[in-house]
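Participant: Just so it is clear, I am handing over coords33.cif, which has mmCIF, N, CA and C atoms.
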data_upload
#
loop_
_atom_site.group_PDB
_atom_site.id
_atom_site.type_symbol
_atom_site.label_atom_id
_atom_site.label_comp_id
_atom_site.auth_asym_id
_atom_site.auth_seq_id
_atom_site.Cartn_x
_atom_site.Cartn_y
_atom_site.Cartn_z
ATOM 1 N N ILE A 837 -11.547 5.870 17.323
ATOM 2 C CA ILE A 837 -11.016 4.837 18.203
ATOM 3 C C ILE A 837 -9.673 4.391 17.646
ATOM 4 N N ILE A 838 -8.682 4.337 18.522
ATOM 5 C CA ILE A 838 -7.372 3.803 18.124
ATOM 6 C C ILE A 838 -6.923 2.834 19.220
ATOM 7 N N PRO A 839 -6.828 1.545 18.872
ATOM 8 C CA PRO A 839 -6.390 0.547 19.852
ATOM 9 C C PRO A 839 -4.958 0.083 19.595
ATOM 10 N N ALA A 840 -4.318 -0.382 20.629
ATOM 11 C CA ALA A 840 -3.056 -1.108 20.517
ATOM 12 C C ALA A 840 -3.335 -2.489 21.089
ATOM 13 N N LEU A 841 -3.205 -3.499 20.259
ATOM 14 C CA LEU A 841 -3.587 -4.855 20.638
ATOM 15 C C LEU A 841 -2.385 -5.769 20.753
ATOM 16 N N SER A 842 -2.502 -6.761 21.623
ATOM 17 C CA SER A 842 -1.520 -7.832 21.707
ATOM 18 C C SER A 842 -2.290 -9.148 21.684
ATOM 19 N N LEU A 843 -1.575 -10.236 21.678
ATOM 20 C CA LEU A 843 -2.239 -11.529 21.735
ATOM 21 C C LEU A 843 -2.973 -11.717 23.056
ATOM 22 N N ASP A 844 -2.583 -10.949 24.068
ATOM 23 C CA ASP A 844 -3.208 -11.051 25.386
ATOM 24 C C ASP A 844 -4.370 -10.089 25.565
ATOM 25 N N GLY A 845 -4.610 -9.211 24.609
ATOM 26 C CA GLY A 845 -5.723 -8.270 24.725
ATOM 27 C C GLY A 845 -5.308 -6.853 24.387
ATOM 28 N N ILE A 846 -6.071 -5.903 24.894
ATOM 29 C CA ILE A 846 -5.838 -4.491 24.610
ATOM 30 C C ILE A 846 -4.734 -3.947 25.510
ATOM 31 N N LEU A 847 -3.710 -3.351 24.905
ATOM 32 C CA LEU A 847 -2.629 -2.724 25.665
ATOM 33 C C LEU A 847 -2.966 -1.279 26.000
ATOM 34 N N HIS A 848 -3.560 -0.598 25.039
ATOM 35 C CA HIS A 848 -3.896 0.812 25.216
ATOM 36 C C HIS A 848 -5.011 1.147 24.240
ATOM 37 N N LEU A 849 -5.900 2.034 24.651
ATOM 38 C CA LEU A 849 -7.033 2.412 23.820
ATOM 39 C C LEU A 849 -7.301 3.889 24.011
ATOM 40 N N ASP A 850 -7.595 4.568 22.912
ATOM 41 C CA ASP A 850 -7.922 5.984 22.977
ATOM 42 C C ASP A 850 -9.124 6.236 22.076
ATOM 43 N N VAL A 851 -10.029 7.088 22.530
ATOM 44 C CA VAL A 851 -11.226 7.427 21.768
ATOM 45 C C VAL A 851 -11.339 8.940 21.713
ATOM 46 N N LEU A 852 -11.447 9.460 20.502
ATOM 47 C CA LEU A 852 -11.629 10.890 20.295
ATOM 48 C C LEU A 852 -12.896 11.118 19.481
ATOM 49 N N ASP A 853 -13.470 12.306 19.610
ATOM 50 C CA ASP A 853 -14.638 12.644 18.805
ATOM 51 C C ASP A 853 -14.245 13.462 17.575
ATOM 52 N N CYS A 854 -12.980 13.316 17.160
ATOM 53 C CA CYS A 854 -12.479 13.987 15.969
ATOM 54 C C CYS A 854 -11.437 13.075 15.327
ATOM 55 N N SER A 855 -10.899 13.494 14.201
ATOM 56 C CA SER A 855 -9.874 12.702 13.518
ATOM 57 C C SER A 855 -8.554 12.758 14.277
ATOM 58 N N TYR A 856 -7.799 11.676 14.170
ATOM 59 C CA TYR A 856 -6.461 11.666 14.750
ATOM 60 C C TYR A 856 -5.524 12.429 13.834
ATOM 61 N N MET A 857 -4.848 13.378 14.413
ATOM 62 C CA MET A 857 -3.843 14.151 13.700
ATOM 63 C C MET A 857 -2.489 13.747 14.284
ATOM 64 N N LEU A 858 -1.434 14.309 13.764
ATOM 65 C CA LEU A 858 -0.098 13.932 14.209
ATOM 66 C C LEU A 858 0.078 14.117 15.710
ATOM 67 N N ALA A 859 -0.360 15.234 16.245
ATOM 68 C CA ALA A 859 -0.186 15.501 17.686
ATOM 69 C C ALA A 859 -0.955 14.500 18.545
ATOM 70 N N THR A 860 -2.197 14.195 18.173
ATOM 71 C CA THR A 860 -2.982 13.251 18.982
ATOM 72 C C THR A 860 -2.441 11.834 18.832
ATOM 73 N N PHE A 861 -1.946 11.481 17.647
ATOM 74 C CA PHE A 861 -1.333 10.174 17.466
ATOM 75 C C PHE A 861 -0.077 10.056 18.311
ATOM 76 N N ASN A 862 0.746 11.091 18.322
ATOM 77 C CA ASN A 862 1.969 11.060 19.128
ATOM 78 C C ASN A 862 1.655 10.946 20.618
ATOM 79 N N GLU A 863 0.606 11.602 21.089
ATOM 80 C CA GLU A 863 0.189 11.458 22.485
ATOM 81 C C GLU A 863 -0.198 10.010 22.776
ATOM 82 N N PHE A 864 -0.916 9.397 21.836
ATOM 83 C CA PHE A 864 -1.296 7.989 21.983
ATOM 84 C C PHE A 864 -0.045 7.115 22.103
ATOM 85 N N VAL A 865 0.948 7.371 21.255
ATOM 86 C CA VAL A 865 2.178 6.574 21.262
ATOM 87 C C VAL A 865 2.919 6.731 22.584
ATOM 88 N N VAL A 866 3.009 7.947 23.086
ATOM 89 C CA VAL A 866 3.684 8.170 24.374
ATOM 90 C C VAL A 866 3.001 7.352 25.471
ATOM 91 N N ASP A 867 1.680 7.373 25.498
ATOM 92 C CA ASP A 867 0.940 6.580 26.488
ATOM 93 C C ASP A 867 1.135 5.083 26.253
ATOM 94 N N LEU A 868 1.146 4.671 24.997
ATOM 95 C CA LEU A 868 1.350 3.257 24.668
ATOM 96 C C LEU A 868 2.711 2.767 25.135
ATOM 97 N N LEU A 869 3.729 3.576 24.970
ATOM 98 C CA LEU A 869 5.083 3.153 25.346
ATOM 99 C C LEU A 869 5.199 2.826 26.833
ATOM 100 N N ASN A 870 4.298 3.341 27.635
ATOM 101 C CA ASN A 870 4.286 2.978 29.055
ATOM 102 C C ASN A 870 3.858 1.531 29.275
ATOM 103 N N ASN A 871 3.284 0.904 28.245
ATOM 104 C CA ASN A 871 2.823 -0.484 28.333
ATOM 105 C C ASN A 871 3.664 -1.447 27.508
ATOM 106 N N ILE A 872 4.774 -0.962 26.965
ATOM 107 C CA ILE A 872 5.650 -1.777 26.119
ATOM 108 C C ILE A 872 6.933 -2.095 26.888
ATOM 109 N N ASN A 873 7.394 -3.322 26.729
ATOM 110 C CA ASN A 873 8.624 -3.758 27.394
ATOM 111 C C ASN A 873 9.817 -3.638 26.457
ATOM 112 N N PRO A 874 11.021 -3.547 27.010
ATOM 113 C CA PRO A 874 12.220 -3.559 26.163
ATOM 114 C C PRO A 874 12.346 -4.906 25.437
ATOM 115 N N PHE A 875 12.847 -4.867 24.196
ATOM 116 C CA PHE A 875 13.077 -6.086 23.426
ATOM 117 C C PHE A 875 14.196 -6.874 24.065
ATOM 118 N N PRO A 876 14.123 -8.160 24.163
ATOM 119 C CA PRO A 876 13.231 -9.112 23.535
ATOM 120 C C PRO A 876 12.131 -9.634 24.461
ATOM 121 N N GLN A 877 11.746 -8.883 25.445
ATOM 122 C CA GLN A 877 10.701 -9.337 26.353
ATOM 123 C C GLN A 877 9.351 -9.422 25.640
ATOM 124 N N LYS A 878 8.420 -10.088 26.293
ATOM 125 C CA LYS A 878 7.061 -10.172 25.761
ATOM 126 C C LYS A 878 6.480 -8.756 25.678
ATOM 127 N N ILE A 879 5.669 -8.506 24.675
ATOM 128 C CA ILE A 879 5.053 -7.192 24.415
ATOM 129 C C ILE A 879 6.145 -6.123 24.267
ATOM 130 N N SER A 880 7.019 -6.341 23.282
ATOM 131 C CA SER A 880 8.130 -5.416 23.084
ATOM 132 C C SER A 880 8.253 -4.905 21.646
ATOM 133 N N ILE A 881 7.307 -5.249 20.796
ATOM 134 C CA ILE A 881 7.382 -4.854 19.387
ATOM 135 C C ILE A 881 6.114 -4.097 19.011
ATOM 136 N N ILE A 882 6.303 -2.978 18.327
ATOM 137 C CA ILE A 882 5.174 -2.211 17.797
ATOM 138 C C ILE A 882 5.153 -2.444 16.291
ATOM 139 N N MET A 883 4.031 -2.904 15.770
ATOM 140 C CA MET A 883 3.892 -3.165 14.348
ATOM 141 C C MET A 883 2.764 -2.299 13.793
ATOM 142 N N MET A 884 3.061 -1.589 12.717
ATOM 143 C CA MET A 884 2.072 -0.705 12.100
ATOM 144 C C MET A 884 2.120 -0.849 10.595
ATOM 145 N N ASP A 885 1.071 -0.367 9.956
ATOM 146 C CA ASP A 885 1.093 -0.319 8.500
ATOM 147 C C ASP A 885 1.906 0.894 8.057
ATOM 148 N N ASN A 886 1.902 1.198 6.788
ATOM 149 C CA ASN A 886 2.745 2.278 6.298
ATOM 150 C C ASN A 886 1.978 3.587 6.100
ATOM 151 N N ALA A 887 0.979 3.848 6.915
ATOM 152 C CA ALA A 887 0.262 5.124 6.855
ATOM 153 C C ALA A 887 1.246 6.265 7.110
ATOM 154 N N SER A 888 1.027 7.379 6.462
ATOM 155 C CA SER A 888 1.974 8.498 6.575
ATOM 156 C C SER A 888 2.134 8.990 8.009
ATOM 157 N N ILE A 889 1.085 8.922 8.812
ATOM 158 C CA ILE A 889 1.175 9.378 10.207
ATOM 159 C C ILE A 889 2.147 8.514 11.012
ATOM 160 N N HIS A 890 2.351 7.266 10.582
ATOM 161 C CA HIS A 890 3.270 6.359 11.271
ATOM 162 C C HIS A 890 4.723 6.622 10.907
ATOM 163 N N LYS A 891 4.968 7.468 9.927
ATOM 164 C CA LYS A 891 6.331 7.701 9.436
ATOM 165 C C LYS A 891 6.914 9.037 9.869
ATOM 166 N N SER A 892 6.268 9.735 10.772
ATOM 167 C CA SER A 892 6.743 11.066 11.145
ATOM 168 C C SER A 892 8.073 10.993 11.899
ATOM 169 N N LEU A 893 8.876 11.994 11.714
ATOM 170 C CA LEU A 893 10.160 12.080 12.411
ATOM 171 C C LEU A 893 9.939 12.148 13.920
ATOM 172 N N HIS A 894 8.935 12.888 14.360
ATOM 173 C CA HIS A 894 8.667 13.007 15.788
ATOM 174 C C HIS A 894 8.295 11.659 16.394
ATOM 175 N N PHE A 895 7.522 10.851 15.669
ATOM 176 C CA PHE A 895 7.180 9.510 16.155
ATOM 177 C C PHE A 895 8.437 8.681 16.369
ATOM 178 N N LYS A 896 9.337 8.687 15.379
ATOM 179 C CA LYS A 896 10.580 7.925 15.504
ATOM 180 C C LYS A 896 11.405 8.418 16.685
ATOM 181 N N GLU A 897 11.453 9.729 16.886
ATOM 182 C CA GLU A 897 12.206 10.282 18.012
ATOM 183 C C GLU A 897 11.608 9.845 19.342
ATOM 184 N N ILE A 898 10.284 9.833 19.442
ATOM 185 C CA ILE A 898 9.619 9.396 20.670
ATOM 186 C C ILE A 898 10.013 7.962 21.005
ATOM 187 N N VAL A 899 9.960 7.094 20.011
ATOM 188 C CA VAL A 899 10.286 5.689 20.239
ATOM 189 C C VAL A 899 11.771 5.525 20.536
ATOM 190 N N GLN A 900 12.630 6.216 19.794
ATOM 191 C CA GLN A 900 14.076 6.109 20.016
ATOM 192 C C GLN A 900 14.465 6.567 21.414
ATOM 193 N N GLN A 901 13.791 7.569 21.939
ATOM 194 C CA GLN A 901 14.098 8.048 23.287
ATOM 195 C C GLN A 901 13.735 7.010 24.335
ATOM 196 N N SER A 902 12.768 6.171 24.037
ATOM 197 C CA SER A 902 12.300 5.186 25.007
ATOM 198 C C SER A 902 12.991 3.835 24.867
ATOM 199 N N TYR A 903 13.267 3.431 23.632
ATOM 200 C CA TYR A 903 13.776 2.083 23.381
ATOM 201 C C TYR A 903 14.711 2.093 22.190
ATOM 202 N N ASP A 904 15.448 0.986 22.035
ATOM 203 C CA ASP A 904 16.184 0.775 20.797
ATOM 204 C C ASP A 904 15.150 0.674 19.686
ATOM 205 N N PHE A 905 15.461 1.222 18.549
ATOM 206 C CA PHE A 905 14.471 1.320 17.482
ATOM 207 C C PHE A 905 14.974 0.659 16.217
ATOM 208 N N CYS A 906 14.143 -0.166 15.647
ATOM 209 C CA CYS A 906 14.452 -0.796 14.373
ATOM 210 C C CYS A 906 13.260 -0.582 13.470
ATOM 211 N N SER A 907 13.494 0.019 12.319
ATOM 212 C CA SER A 907 12.407 0.281 11.380
ATOM 213 C C SER A 907 12.624 -0.535 10.120
ATOM 214 N N SER A 908 11.641 -1.325 9.793
ATOM 215 C CA SER A 908 11.717 -2.047 8.540
ATOM 216 C C SER A 908 10.310 -2.251 8.016
ATOM 217 N N PHE A 909 10.225 -2.413 6.723
ATOM 218 C CA PHE A 909 8.940 -2.661 6.096
ATOM 219 C C PHE A 909 9.112 -3.815 5.133
ATOM 220 N N GLN A 910 8.295 -4.821 5.314
ATOM 221 C CA GLN A 910 8.305 -5.934 4.395
ATOM 222 C C GLN A 910 6.930 -6.048 3.777
ATOM 223 N N GLN A 911 6.899 -6.098 2.473
ATOM 224 C CA GLN A 911 5.640 -6.249 1.788
ATOM 225 C C GLN A 911 5.152 -7.678 1.960
ATOM 226 N N PRO A 912 3.865 -7.850 2.264
ATOM 227 C CA PRO A 912 3.352 -9.198 2.449
ATOM 228 C C PRO A 912 3.481 -10.037 1.165
ATOM 229 N N SER A 913 3.829 -11.281 1.311
ATOM 230 C CA SER A 913 3.886 -12.157 0.137
ATOM 231 C C SER A 913 2.484 -12.690 -0.137
ATOM 232 N N ILE A 914 2.189 -12.841 -1.387
ATOM 233 C CA ILE A 914 0.834 -13.307 -1.758
ATOM 234 C C ILE A 914 0.892 -14.747 -2.191
#
What does the file become when written as structure tokens?
Facilitator:
Amino acid sequence: IIPALSLDGILHLDVLDCSYMLATFNEFVVDLLNNINPFPQKISIIMMDNASIHKSLHFKEIVQQSYDFCSSFQQPSI
């Protein structure tokens, strides 16, 4: 199960009977982008952890083709 959540609820959900690999994750992202608005509108930011699958060049290209892209990582303060 891979969900995309907002404060208003589920934006997109995908369920597979196998592990998510790069190709299936990228398909999920393409479908998710259909539910994302251009910044600075509501529901316009995608936030992820630093898992290696989230750092693929193809993922960045998919997002850049759809929207302006800003990548940053801030470590949580304790």
Participant: Evaluated on this file, the PyMOL selection byres ((chain A and resi 868-880) around 8) picks out some residues - which ones are they, written as a PDB file with N, CA and C atoms, keeping the file's coordinate frame?
Facilitator:
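out_5.pdb, freshly written:
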ATOM      1  N   ALA A 840      -4.318  -0.382  20.629  1.00  0.00           N
ATOM      2  CA  ALA A 840      -3.056  -1.108  20.517  1.00  0.00           C
ATOM      3  C   ALA A 840      -3.335  -2.489  21.089  1.00  0.00           C
ATOM      4  N   SER A 842      -2.502  -6.761  21.623  1.00  0.00           N
ATOM      5  CA  SER A 842      -1.520  -7.832  21.707  1.00  0.00           C
ATOM      6  C   SER A 842      -2.290  -9.148  21.684  1.00  0.00           C
ATOM      7  N   LEU A 843      -1.575 -10.236  21.678  1.00  0.00           N
ATOM      8  CA  LEU A 843      -2.239 -11.529  21.735  1.00  0.00           C
ATOM      9  C   LEU A 843      -2.973 -11.717  23.056  1.00  0.00           C
ATOM     10  N   LEU A 847      -3.710  -3.351  24.905  1.00  0.00           N
ATOM     11  CA  LEU A 847      -2.629  -2.724  25.665  1.00  0.00           C
ATOM     12  C   LEU A 847      -2.966  -1.279  26.000  1.00  0.00           C
ATOM     13  N   HIS A 848      -3.560  -0.598  25.039  1.00  0.00           N
ATOM     14  CA  HIS A 848      -3.896   0.812  25.216  1.00  0.00           C
ATOM     15  C   HIS A 848      -5.011   1.147  24.240  1.00  0.00           C
ATOM     16  N   LEU A 849      -5.900   2.034  24.651  1.00  0.00           N
ATOM     17  CA  LEU A 849      -7.033   2.412  23.820  1.00  0.00           C
ATOM     18  C   LEU A 849      -7.301   3.889  24.011  1.00  0.00           C
ATOM     19  N   ASN A 862       0.746  11.091  18.322  1.00  0.00           N
ATOM     20  CA  ASN A 862       1.969  11.060  19.128  1.00  0.00           C
ATOM     21  C   ASN A 862       1.655  10.946  20.618  1.00  0.00           C
ATOM     22  N   GLU A 863       0.606  11.602  21.089  1.00  0.00           N
ATOM     23  CA  GLU A 863       0.189  11.458  22.485  1.00  0.00           C
ATOM     24  C   GLU A 863      -0.198  10.010  22.776  1.00  0.00           C
ATOM     25  N   PHE A 864      -0.916   9.397  21.836  1.00  0.00           N
ATOM     26  CA  PHE A 864      -1.296   7.989  21.983  1.00  0.00           C
ATOM     27  C   PHE A 864      -0.045   7.115  22.103  1.00  0.00           C
ATOM     28  N   VAL A 865       0.948   7.371  21.255  1.00  0.00           N
ATOM     29  CA  VAL A 865       2.178   6.574  21.262  1.00  0.00           C
ATOM     30  C   VAL A 865       2.919   6.731  22.584  1.00  0.00           C
ATOM     31  N   VAL A 866       3.009   7.947  23.086  1.00  0.00           N
ATOM     32  CA  VAL A 866       3.684   8.170  24.374  1.00  0.00           C
ATOM     33  C   VAL A 866       3.001   7.352  25.471  1.00  0.00           C
ATOM     34  N   ASP A 867       1.680   7.373  25.498  1.00  0.00           N
ATOM     35  CA  ASP A 867       0.940   6.580  26.488  1.00  0.00           C
ATOM     36  C   ASP A 867       1.135   5.083  26.253  1.00  0.00           C
ATOM     37  N   ILE A 881       7.307  -5.249  20.796  1.00  0.00           N
ATOM     38  CA  ILE A 881       7.382  -4.854  19.387  1.00  0.00           C
ATOM     39  C   ILE A 881       6.114  -4.097  19.011  1.00  0.00           C
ATOM     40  N   ILE A 882       6.303  -2.978  18.327  1.00  0.00           N
ATOM     41  CA  ILE A 882       5.174  -2.211  17.797  1.00  0.00           C
ATOM     42  C   ILE A 882       5.153  -2.444  16.291  1.00  0.00           C
ATOM     43  N   MET A 883       4.031  -2.904  15.770  1.00  0.00           N
ATOM     44  CA  MET A 883       3.892  -3.165  14.348  1.00  0.00           C
ATOM     45  C   MET A 883       2.764  -2.299  13.793  1.00  0.00           C
ATOM     46  N   VAL A 899       9.960   7.094  20.011  1.00  0.00           N
ATOM     47  CA  VAL A 899      10.286   5.689  20.239  1.00  0.00           C
ATOM     48  C   VAL A 899      11.771   5.525  20.536  1.00  0.00           C
ATOM     49  N   SER A 902      12.768   6.171  24.037  1.00  0.00           N
ATOM     50  CA  SER A 902      12.300   5.186  25.007  1.00  0.00           C
ATOM     51  C   SER A 902      12.991   3.835  24.867  1.00  0.00           C
ATOM     52  N   TYR A 903      13.267   3.431  23.632  1.00  0.00           N
ATOM     53  CA  TYR A 903      13.776   2.083  23.381  1.00  0.00           C
ATOM     54  C   TYR A 903      14.711   2.093  22.190  1.00  0.00           C
ATOM     55  N   ASP A 904      15.448   0.986  22.035  1.00  0.00           N
ATOM     56  CA  ASP A 904      16.184   0.775  20.797  1.00  0.00           C
ATOM     57  C   ASP A 904      15.150   0.674  19.686  1.00  0.00           C
TER      58      ASP A 904
END
Participant: Would you please give, as a PyMOL selection string, all residues of chain A that DSSP assigns to helix (DSSP H, G or I) based on the backbone?
Facilitator: chain A and resi 858-869+888-891+893-902
Participant: What does the structure give for the distance between atom N of Thr860 (chain A) and CA of Gly845 (chain A), in Å to one decimal?
Facilitator: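 Atom-to-atom, atom N of Thr860 (chain A) and CA of Gly845 (chain A) are spaced 23.7 Å apart.
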Participant: Got a sec to resolve the PyMOL selection byres (((chain A and resi 890 and name CA) around 12) and name CA) on this structure and send the residues as JSON, numbers by chain?
Facilitator: {"A": [856, 857, 858, 859, 861, 862, 864, 865, 882, 883, 884, 885, 886, 887, 888, 889, 891, 892, 893, 894, 895, 896, 897, 898, 899, 907, 909]}
Participant: Those selected residues, please, written with N, CA and C atoms and delivered as a PDB file, in the frame of the given file.
Facilitator:
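Output file again05.pdb is given in full below:
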ATOM      1  N   TYR A 856      -7.799  11.676  14.170  1.00  0.00           N
ATOM      2  CA  TYR A 856      -6.461  11.666  14.750  1.00  0.00           C
ATOM      3  C   TYR A 856      -5.524  12.429  13.834  1.00  0.00           C
ATOM      4  N   MET A 857      -4.848  13.378  14.413  1.00  0.00           N
ATOM      5  CA  MET A 857      -3.843  14.151  13.700  1.00  0.00           C
ATOM      6  C   MET A 857      -2.489  13.747  14.284  1.00  0.00           C
ATOM      7  N   LEU A 858      -1.434  14.309  13.764  1.00  0.00           N
ATOM      8  CA  LEU A 858      -0.098  13.932  14.209  1.00  0.00           C
ATOM      9  C   LEU A 858       0.078  14.117  15.710  1.00  0.00           C
ATOM     10  N   ALA A 859      -0.360  15.234  16.245  1.00  0.00           N
ATOM     11  CA  ALA A 859      -0.186  15.501  17.686  1.00  0.00           C
ATOM     12  C   ALA A 859      -0.955  14.500  18.545  1.00  0.00           C
ATOM     13  N   PHE A 861      -1.946  11.481  17.647  1.00  0.00           N
ATOM     14  CA  PHE A 861      -1.333  10.174  17.466  1.00  0.00           C
ATOM     15  C   PHE A 861      -0.077  10.056  18.311  1.00  0.00           C
ATOM     16  N   ASN A 862       0.746  11.091  18.322  1.00  0.00           N
ATOM     17  CA  ASN A 862       1.969  11.060  19.128  1.00  0.00           C
ATOM     18  C   ASN A 862       1.655  10.946  20.618  1.00  0.00           C
ATOM     19  N   PHE A 864      -0.916   9.397  21.836  1.00  0.00           N
ATOM     20  CA  PHE A 864      -1.296   7.989  21.983  1.00  0.00           C
ATOM     21  C   PHE A 864      -0.045   7.115  22.103  1.00  0.00           C
ATOM     22  N   VAL A 865       0.948   7.371  21.255  1.00  0.00           N
ATOM     23  CA  VAL A 865       2.178   6.574  21.262  1.00  0.00           C
ATOM     24  C   VAL A 865       2.919   6.731  22.584  1.00  0.00           C
ATOM     25  N   ILE A 882       6.303  -2.978  18.327  1.00  0.00           N
ATOM     26  CA  ILE A 882       5.174  -2.211  17.797  1.00  0.00           C
ATOM     27  C   ILE A 882       5.153  -2.444  16.291  1.00  0.00           C
ATOM     28  N   MET A 883       4.031  -2.904  15.770  1.00  0.00           N
ATOM     29  CA  MET A 883       3.892  -3.165  14.348  1.00  0.00           C
ATOM     30  C   MET A 883       2.764  -2.299  13.793  1.00  0.00           C
ATOM     31  N   MET A 884       3.061  -1.589  12.717  1.00  0.00           N
ATOM     32  CA  MET A 884       2.072  -0.705  12.100  1.00  0.00           C
ATOM     33  C   MET A 884       2.120  -0.849  10.595  1.00  0.00           C
ATOM     34  N   ASP A 885       1.071  -0.367   9.956  1.00  0.00           N
ATOM     35  CA  ASP A 885       1.093  -0.319   8.500  1.00  0.00           C
ATOM     36  C   ASP A 885       1.906   0.894   8.057  1.00  0.00           C
ATOM     37  N   ASN A 886       1.902   1.198   6.788  1.00  0.00           N
ATOM     38  CA  ASN A 886       2.745   2.278   6.298  1.00  0.00           C
ATOM     39  C   ASN A 886       1.978   3.587   6.100  1.00  0.00           C
ATOM     40  N   ALA A 887       0.979   3.848   6.915  1.00  0.00           N
ATOM     41  CA  ALA A 887       0.262   5.124   6.855  1.00  0.00           C
ATOM     42  C   ALA A 887       1.246   6.265   7.110  1.00  0.00           C
ATOM     43  N   SER A 888       1.027   7.379   6.462  1.00  0.00           N
ATOM     44  CA  SER A 888       1.974   8.498   6.575  1.00  0.00           C
ATOM     45  C   SER A 888       2.134   8.990   8.009  1.00  0.00           C
ATOM     46  N   ILE A 889       1.085   8.922   8.812  1.00  0.00           N
ATOM     47  CA  ILE A 889       1.175   9.378  10.207  1.00  0.00           C
ATOM     48  C   ILE A 889       2.147   8.514  11.012  1.00  0.00           C
ATOM     49  N   LYS A 891       4.968   7.468   9.927  1.00  0.00           N
ATOM     50  CA  LYS A 891       6.331   7.701   9.436  1.00  0.00           C
ATOM     51  C   LYS A 891       6.914   9.037   9.869  1.00  0.00           C
ATOM     52  N   SER A 892       6.268   9.735  10.772  1.00  0.00           N
ATOM     53  CA  SER A 892       6.743  11.066  11.145  1.00  0.00           C
ATOM     54  C   SER A 892       8.073  10.993  11.899  1.00  0.00           C
ATOM     55  N   LEU A 893       8.876  11.994  11.714  1.00  0.00           N
ATOM     56  CA  LEU A 893      10.160  12.080  12.411  1.00  0.00           C
ATOM     57  C   LEU A 893       9.939  12.148  13.920  1.00  0.00           C
ATOM     58  N   HIS A 894       8.935  12.888  14.360  1.00  0.00           N
ATOM     59  CA  HIS A 894       8.667  13.007  15.788  1.00  0.00           C
ATOM     60  C   HIS A 894       8.295  11.659  16.394  1.00  0.00           C
ATOM     61  N   PHE A 895       7.522  10.851  15.669  1.00  0.00           N
ATOM     62  CA  PHE A 895       7.180   9.510  16.155  1.00  0.00           C
ATOM     63  C   PHE A 895       8.437   8.681  16.369  1.00  0.00           C
ATOM     64  N   LYS A 896       9.337   8.687  15.379  1.00  0.00           N
ATOM     65  CA  LYS A 896      10.580   7.925  15.504  1.00  0.00           C
ATOM     66  C   LYS A 896      11.405   8.418  16.685  1.00  0.00           C
ATOM     67  N   GLU A 897      11.453   9.729  16.886  1.00  0.00           N
ATOM     68  CA  GLU A 897      12.206  10.282  18.012  1.00  0.00           C
ATOM     69  C   GLU A 897      11.608   9.845  19.342  1.00  0.00           C
ATOM     70  N   ILE A 898      10.284   9.833  19.442  1.00  0.00           N
ATOM     71  CA  ILE A 898       9.619   9.396  20.670  1.00  0.00           C
ATOM     72  C   ILE A 898      10.013   7.962  21.005  1.00  0.00           C
ATOM     73  N   VAL A 899       9.960   7.094  20.011  1.00  0.00           N
ATOM     74  CA  VAL A 899      10.286   5.689  20.239  1.00  0.00           C
ATOM     75  C   VAL A 899      11.771   5.525  20.536  1.00  0.00           C
ATOM     76  N   SER A 907      13.494   0.019  12.319  1.00  0.00           N
ATOM     77  CA  SER A 907      12.407   0.281  11.380  1.00  0.00           C
ATOM     78  C   SER A 907      12.624  -0.535  10.120  1.00  0.00           C
ATOM     79  N   PHE A 909      10.225  -2.413   6.723  1.00  0.00           N
ATOM     80  CA  PHE A 909       8.940  -2.661   6.096  1.00  0.00           C
ATOM     81  C   PHE A 909       9.112  -3.815   5.133  1.00  0.00           C
TER      82      PHE A 909
END
Participant: What is the atom C of Cys854 (chain A) to atom C of Ile837 (chain A) distance in Å?
Facilitator: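 Distance between the two atoms: 9.2 Å.
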Participant: Step one, run DSSP on the backbone; step two, keep only residues of chain A assigned to strand (DSSP E); then write them as a PDB file with N, CA and C atoms, keeping the file's coordinate frame.
Facilitator:
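Okay, this is what ended up in selection_4.pdb:
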ATOM      1  N   ILE A 838      -8.682   4.337  18.522  1.00  0.00           N
ATOM      2  CA  ILE A 838      -7.372   3.803  18.124  1.00  0.00           C
ATOM      3  C   ILE A 838      -6.923   2.834  19.220  1.00  0.00           C
ATOM      4  N   PRO A 839      -6.828   1.545  18.872  1.00  0.00           N
ATOM      5  CA  PRO A 839      -6.390   0.547  19.852  1.00  0.00           C
ATOM      6  C   PRO A 839      -4.958   0.083  19.595  1.00  0.00           C
ATOM      7  N   ALA A 840      -4.318  -0.382  20.629  1.00  0.00           N
ATOM      8  CA  ALA A 840      -3.056  -1.108  20.517  1.00  0.00           C
ATOM      9  C   ALA A 840      -3.335  -2.489  21.089  1.00  0.00           C
ATOM     10  N   LEU A 841      -3.205  -3.499  20.259  1.00  0.00           N
ATOM     11  CA  LEU A 841      -3.587  -4.855  20.638  1.00  0.00           C
ATOM     12  C   LEU A 841      -2.385  -5.769  20.753  1.00  0.00           C
ATOM     13  N   SER A 842      -2.502  -6.761  21.623  1.00  0.00           N
ATOM     14  CA  SER A 842      -1.520  -7.832  21.707  1.00  0.00           C
ATOM     15  C   SER A 842      -2.290  -9.148  21.684  1.00  0.00           C
ATOM     16  N   GLY A 845      -4.610  -9.211  24.609  1.00  0.00           N
ATOM     17  CA  GLY A 845      -5.723  -8.270  24.725  1.00  0.00           C
ATOM     18  C   GLY A 845      -5.308  -6.853  24.387  1.00  0.00           C
ATOM     19  N   ILE A 846      -6.071  -5.903  24.894  1.00  0.00           N
ATOM     20  CA  ILE A 846      -5.838  -4.491  24.610  1.00  0.00           C
ATOM     21  C   ILE A 846      -4.734  -3.947  25.510  1.00  0.00           C
ATOM     22  N   LEU A 847      -3.710  -3.351  24.905  1.00  0.00           N
ATOM     23  CA  LEU A 847      -2.629  -2.724  25.665  1.00  0.00           C
ATOM     24  C   LEU A 847      -2.966  -1.279  26.000  1.00  0.00           C
ATOM     25  N   HIS A 848      -3.560  -0.598  25.039  1.00  0.00           N
ATOM     26  CA  HIS A 848      -3.896   0.812  25.216  1.00  0.00           C
ATOM     27  C   HIS A 848      -5.011   1.147  24.240  1.00  0.00           C
ATOM     28  N   LEU A 849      -5.900   2.034  24.651  1.00  0.00           N
ATOM     29  CA  LEU A 849      -7.033   2.412  23.820  1.00  0.00           C
ATOM     30  C   LEU A 849      -7.301   3.889  24.011  1.00  0.00           C
ATOM     31  N   ASP A 850      -7.595   4.568  22.912  1.00  0.00           N
ATOM     32  CA  ASP A 850      -7.922   5.984  22.977  1.00  0.00           C
ATOM     33  C   ASP A 850      -9.124   6.236  22.076  1.00  0.00           C
TER      34      ASP A 850
END
